[in-house]
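*Asks:* One structure coming up, written as structure tokens, with questions to follow.
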Amino acid sequence: MNITQRLTSIIPPERQDQSPESTAQLGTDRCRRCHEEVPLEWVSPIACGRRFLPGTGQWRSQMIDGRCPACDAVETERRDRVRREHFLRLRLIAMFGGEKPYREFRFERFDITAGNRDAFLRARGFHALRDNLYLWGPCGVGKTHLACALARLQAEKGLSVSFLKPPQLLRRVRRREAVEEQQAIDHFVREDVLVLDDLGIGQETPYGRQILQEIFDGREYRGGAGLVITGKYSLDALARKLNDDTISSRIAGLCRVVHVPGEDRRVSRHAM
Ligand SMILES: [Zn+2]
């Protein structure tokens, strides 16, 4: 089919006999990306009183910034993806409290040892609709690294993720009005993935324990998955530390408890 035939074939039938002269003026555009010839498109006239609206009843280029509609859709999708990645990056940096944890706390950069392999595999294979995880062990064995990497992977999958230390969570929840406080609790209950990093500091007050308890209960009621907690205490030690075993027994009921043994790598690195 030659160009004239192609153009004629796309002209609305009523125009083909009404204004044959217009076909002589028709042209095509060439897409600068795929180099395909793209015919002009016919824009039907829209009457407004006795006149036609401007821009109607004429042949119009289909090109957008020099691209054909198909190539433009690809370009739009690419730009949307870049924009999403950019905002996700900013959100994760804010959530982790800096550029460094964002850059370094990935699964690919985790030093796997015999002692932490189980924790690594559980974190990397974490399923937000099925799993809850309590990672405990001394400081510096990589629990926060794993928690950040986990949060990042889940966020990249498009899930809603909150990553925060319990005192931050309590500051976000604490409001003057009971209604606002409940809304803040509900937010953490609804998050697909909630990561509480370093449990065991700052929750000693009855208020702190009560908020955590409400969030754990709410999440369990909603389906009971997507919760990740790190801490340096075993559940027994946590109960002693909080002087109360409601939190630790709730964690025992909800979570797979994974011990991450080892010496503090931050200390041993300084000692070298
Ligand atoms: Zn194209």
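Residues are referred to by chain and number: the chain letter is A, B, ... according to the order shown in the structure tokens, the number counts from 1 in that chain, and ligands are numbered separately from 1 in the order shown.
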Excluding Phe188 in chain A and residues on its chain fewer than 2 positions from it, collect all residues at most 9 Å away from it, counting only C-alpha atoms, and give them as a ChimeraX atom specification.

*Replies:* /A:162,169,183-186,190-194,215,218-219

*Asks:* Write to file, as a tab-separated table (two decimals), in the first residue's frame, the residues of the selection just made, with N, CA and C atoms.

*Replies:*
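So the final result, stored in out36.tsv, reads:
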```
chain	number	residue	atom	x	y	z
A	162	SER	N	6.59	1.25	56.67
A	162	SER	CA	7.11	2.18	57.67
A	162	SER	C	8.30	1.52	58.35
A	169	LEU	N	8.14	6.05	66.65
A	169	LEU	CA	6.74	5.65	66.48
A	169	LEU	C	5.88	6.28	67.56
A	183	GLN	N	-6.04	7.54	64.86
A	183	GLN	CA	-5.73	7.55	63.41
A	183	GLN	C	-4.26	7.18	63.18
A	184	ALA	N	-3.40	7.69	64.05
A	184	ALA	CA	-1.97	7.38	63.90
A	184	ALA	C	-1.72	5.89	64.17
A	185	ILE	N	-2.37	5.34	65.16
A	185	ILE	CA	-2.25	3.91	65.44
A	185	ILE	C	-2.76	3.11	64.24
A	186	ASP	N	-3.92	3.51	63.72
A	186	ASP	CA	-4.49	2.80	62.58
A	186	ASP	C	-3.55	2.80	61.38
A	190	ARG	N	-2.29	-0.47	59.45
A	190	ARG	CA	-2.62	-0.73	58.05
A	190	ARG	C	-1.41	-0.88	57.15
A	191	GLU	N	-0.26	-0.38	57.58
A	191	GLU	CA	0.92	-0.47	56.71
A	191	GLU	C	1.14	-1.93	56.31
A	192	ASP	N	1.45	-2.14	55.02
A	192	ASP	CA	1.72	-3.52	54.58
A	192	ASP	C	2.88	-4.10	55.37
A	193	VAL	N	3.90	-3.28	55.56
A	193	VAL	CA	5.08	-3.74	56.29
A	193	VAL	C	5.43	-2.68	57.35
A	194	LEU	N	5.54	-3.12	58.57
A	194	LEU	CA	5.96	-2.23	59.66
A	194	LEU	C	7.24	-2.79	60.26
A	215	ILE	N	-1.01	-1.73	68.46
A	215	ILE	CA	-0.59	-1.90	67.06
A	215	ILE	C	-0.44	-3.38	66.73
A	218	GLY	N	-3.90	-4.90	66.54
A	218	GLY	CA	-4.59	-4.47	65.32
A	218	GLY	C	-4.06	-5.21	64.10
A	219	ARG	N	-2.75	-5.38	64.04
A	219	ARG	CA	-2.17	-6.06	62.89
A	219	ARG	C	-2.55	-7.53	62.90
```

*Asks:* Counting only C-alpha atoms and all ligand atoms, what residues are within 8 Å of ligand 1, given as a list in words?

*Replies:*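 If we count only C-alpha atoms and all ligand atoms, the neighbours of ligand 1 turn out to be Arg30, Cys31, Arg32, Arg33, Cys34, His35, Glu36, Arg67, Cys68, Pro69, Ala70, Cys71 and Asp72 of chain A.
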
*Asks:* Taking the chain letters and numbering used in this document, name the residues of range 42-225 of chain A that DSSP puts in helix (DSSP H, G or I), as a ChimeraX atom specification.

*Replies:* /A:69-96,99-104,107-109,117-124,143-156,166-173,178-190,206-222

*Asks:* Take the residues from that selection and write them out as a short mmCIF file (atom, residue, chain, number, x, y, z; two decimals), in the first residue's frame, keeping C-alpha atoms.

*Replies:*
```
data_model
loop_
_atom_site.label_atom_id
_atom_site.label_comp_id
_atom_site.auth_asym_id
_atom_site.auth_seq_id
_atom_site.Cartn_x
_atom_site.Cartn_y
_atom_site.Cartn_z
CA PRO A 69 1.89 7.86 19.83
CA ALA A 70 3.39 4.41 20.47
CA CYS A 71 6.89 5.76 21.11
CA ASP A 72 5.44 8.55 23.24
CA ALA A 73 3.66 5.98 25.43
CA VAL A 74 6.99 4.18 25.93
CA GLU A 75 8.71 7.48 26.79
CA THR A 76 5.95 8.48 29.21
CA GLU A 77 6.22 5.13 30.97
CA ARG A 78 10.01 5.53 31.21
CA ARG A 79 9.67 9.01 32.72
CA ASP A 80 7.04 7.79 35.19
CA ARG A 81 9.34 4.98 36.27
CA VAL A 82 12.28 7.38 36.77
CA ARG A 83 10.01 9.70 38.77
CA ARG A 84 8.71 6.84 40.94
CA GLU A 85 12.26 5.62 41.60
CA HIS A 86 13.37 9.13 42.47
CA PHE A 87 10.58 9.64 45.01
CA LEU A 88 11.04 6.15 46.45
CA ARG A 89 14.74 6.90 46.91
CA LEU A 90 13.97 10.16 48.73
CA ARG A 91 11.38 8.44 50.89
CA LEU A 92 13.74 5.59 51.84
CA ILE A 93 16.57 8.01 52.64
CA ALA A 94 14.23 9.96 54.93
CA MET A 95 12.93 6.74 56.48
CA PHE A 96 16.40 5.30 57.15
CA GLU A 99 21.99 8.58 52.51
CA LYS A 100 24.51 6.12 54.01
CA PRO A 101 22.11 3.44 55.25
CA TYR A 102 20.21 3.79 51.98
CA ARG A 103 23.40 3.21 50.01
CA GLU A 104 24.95 0.50 52.13
CA PHE A 107 21.16 -7.50 50.80
CA GLU A 108 24.00 -7.55 48.24
CA ARG A 109 26.29 -5.78 50.69
CA ARG A 117 22.71 -16.90 57.40
CA ASP A 118 19.30 -17.87 58.76
CA ALA A 119 18.45 -14.24 59.57
CA PHE A 120 19.66 -13.16 56.13
CA LEU A 121 17.52 -15.75 54.33
CA ARG A 122 14.46 -14.98 56.44
CA ALA A 123 14.82 -11.24 55.78
CA ARG A 124 15.49 -11.57 52.07
CA LYS A 143 20.11 -6.55 62.29
CA THR A 144 19.46 -2.97 61.18
CA HIS A 145 21.22 -3.68 57.90
CA LEU A 146 18.85 -6.59 57.26
CA ALA A 147 15.82 -4.59 58.40
CA CYS A 148 16.66 -1.72 56.03
CA ALA A 149 17.32 -4.08 53.13
CA LEU A 150 14.03 -5.82 53.82
CA ALA A 151 12.10 -2.53 54.02
CA ARG A 152 13.67 -1.34 50.80
CA LEU A 153 12.85 -4.54 48.90
CA GLN A 154 9.23 -4.46 50.07
CA ALA A 155 8.89 -0.76 49.17
CA GLU A 156 10.34 -1.47 45.71
CA PRO A 166 9.97 2.62 68.63
CA PRO A 167 10.57 6.06 70.22
CA GLN A 168 9.93 7.64 66.78
CA LEU A 169 6.74 5.65 66.48
CA LEU A 170 5.57 6.81 69.89
CA ARG A 171 6.32 10.43 69.00
CA ARG A 172 4.23 10.07 65.85
CA VAL A 173 1.35 8.51 67.71
CA ALA A 178 -7.70 10.79 71.18
CA VAL A 179 -9.15 10.65 67.66
CA GLU A 180 -5.86 11.75 66.10
CA GLU A 181 -3.99 9.27 68.23
CA GLN A 182 -6.25 6.47 67.04
CA GLN A 183 -5.73 7.55 63.41
CA ALA A 184 -1.97 7.38 63.90
CA ILE A 185 -2.25 3.91 65.44
CA ASP A 186 -4.49 2.80 62.58
CA HIS A 187 -1.90 4.01 60.10
CA PHE A 188 0.73 1.68 61.57
CA VAL A 189 -1.81 -1.14 61.76
CA ARG A 190 -2.62 -0.73 58.05
CA PRO A 206 2.97 1.88 80.38
CA TYR A 207 1.89 4.29 77.64
CA GLY A 208 4.59 3.04 75.25
CA ARG A 209 3.74 -0.58 75.96
CA GLN A 210 0.05 0.08 75.45
CA ILE A 211 0.59 1.72 72.04
CA LEU A 212 2.78 -1.15 70.84
CA GLN A 213 0.25 -3.63 72.17
CA GLU A 214 -2.57 -1.92 70.29
CA ILE A 215 -0.59 -1.90 67.06
CA PHE A 216 0.36 -5.57 67.39
CA ASP A 217 -3.24 -6.51 68.23
CA GLY A 218 -4.59 -4.47 65.32
CA ARG A 219 -2.17 -6.06 62.89
CA GLU A 220 -2.95 -9.52 64.15
CA TYR A 221 -6.66 -8.82 63.78
CA ARG A 222 -6.16 -7.64 60.18
#
```

*Asks:* How far is it from CA of Thr56 in chain A to CA of Ser44 in chain A, in Å with one decimal?

*Replies:*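 Separation of CA of Thr56 in chain A and CA of Ser44 in chain A: 5.7 Å.
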
*Asks:* As a ChimeraX atom specification, please: all residues of range 150-194 of chain A that backbone DSSP puts in strand (DSSP E or B).

*Replies:* /A:161-164,193-194

*Asks:* Suppose we keep N, CA and C atoms; can you now write the selection as an mmCIF file, in the first residue's frame?

*Replies:*
```cif
data_model
loop_
_atom_site.group_PDB
_atom_site.id
_atom_site.type_symbol
_atom_site.label_atom_id
_atom_site.label_comp_id
_atom_site.auth_asym_id
_atom_site.auth_seq_id
_atom_site.Cartn_x
_atom_site.Cartn_y
_atom_site.Cartn_z
ATOM 1 N N VAL A 161 5.324 0.849 53.425
ATOM 2 C CA VAL A 161 6.299 0.421 54.425
ATOM 3 C C VAL A 161 6.576 1.559 55.399
ATOM 4 N N SER A 162 6.589 1.248 56.668
ATOM 5 C CA SER A 162 7.113 2.179 57.667
ATOM 6 C C SER A 162 8.302 1.521 58.353
ATOM 7 N N PHE A 163 9.360 2.280 58.486
ATOM 8 C CA PHE A 163 10.561 1.788 59.163
ATOM 9 C C PHE A 163 10.905 2.824 60.216
ATOM 10 N N LEU A 164 10.858 2.461 61.464
ATOM 11 C CA LEU A 164 11.196 3.447 62.482
ATOM 12 C C LEU A 164 11.575 2.790 63.792
ATOM 13 N N VAL A 193 3.898 -3.281 55.556
ATOM 14 C CA VAL A 193 5.076 -3.736 56.293
ATOM 15 C C VAL A 193 5.425 -2.681 57.346
ATOM 16 N N LEU A 194 5.543 -3.120 58.571
ATOM 17 C CA LEU A 194 5.961 -2.228 59.660
ATOM 18 C C LEU A 194 7.244 -2.792 60.258
#
```

*Asks:* Between A:Gly49, A:Gly137, A:Gly253, A:Pro54, which has the minimum distance to Ala237 in chain A (counting only C-alpha atoms)?

*Replies:* A:Gly137

*Asks:* Quick one, how far is CA of Ser248 in chain A from CA of Arg175 in chain A?

*Replies:* 25.7 Å

*Asks:* With only C-alpha atoms as the counted atoms, please give the residues lying no more than 9 Å from His127 in chain A, apart from itself and same-chain residues fewer than 5 positions off, as a PyMOL selection string.

*Replies:* chain A and resi 132+154+225-226

*Asks:* When you draw a straight line from CA of Gln58 in chain A to CA of Pro45 in chain A, how long is it in Å?

*Replies:*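 Atom-to-atom, CA of Gln58 in chain A to CA of Pro45 in chain A, that is 7.3 Å.
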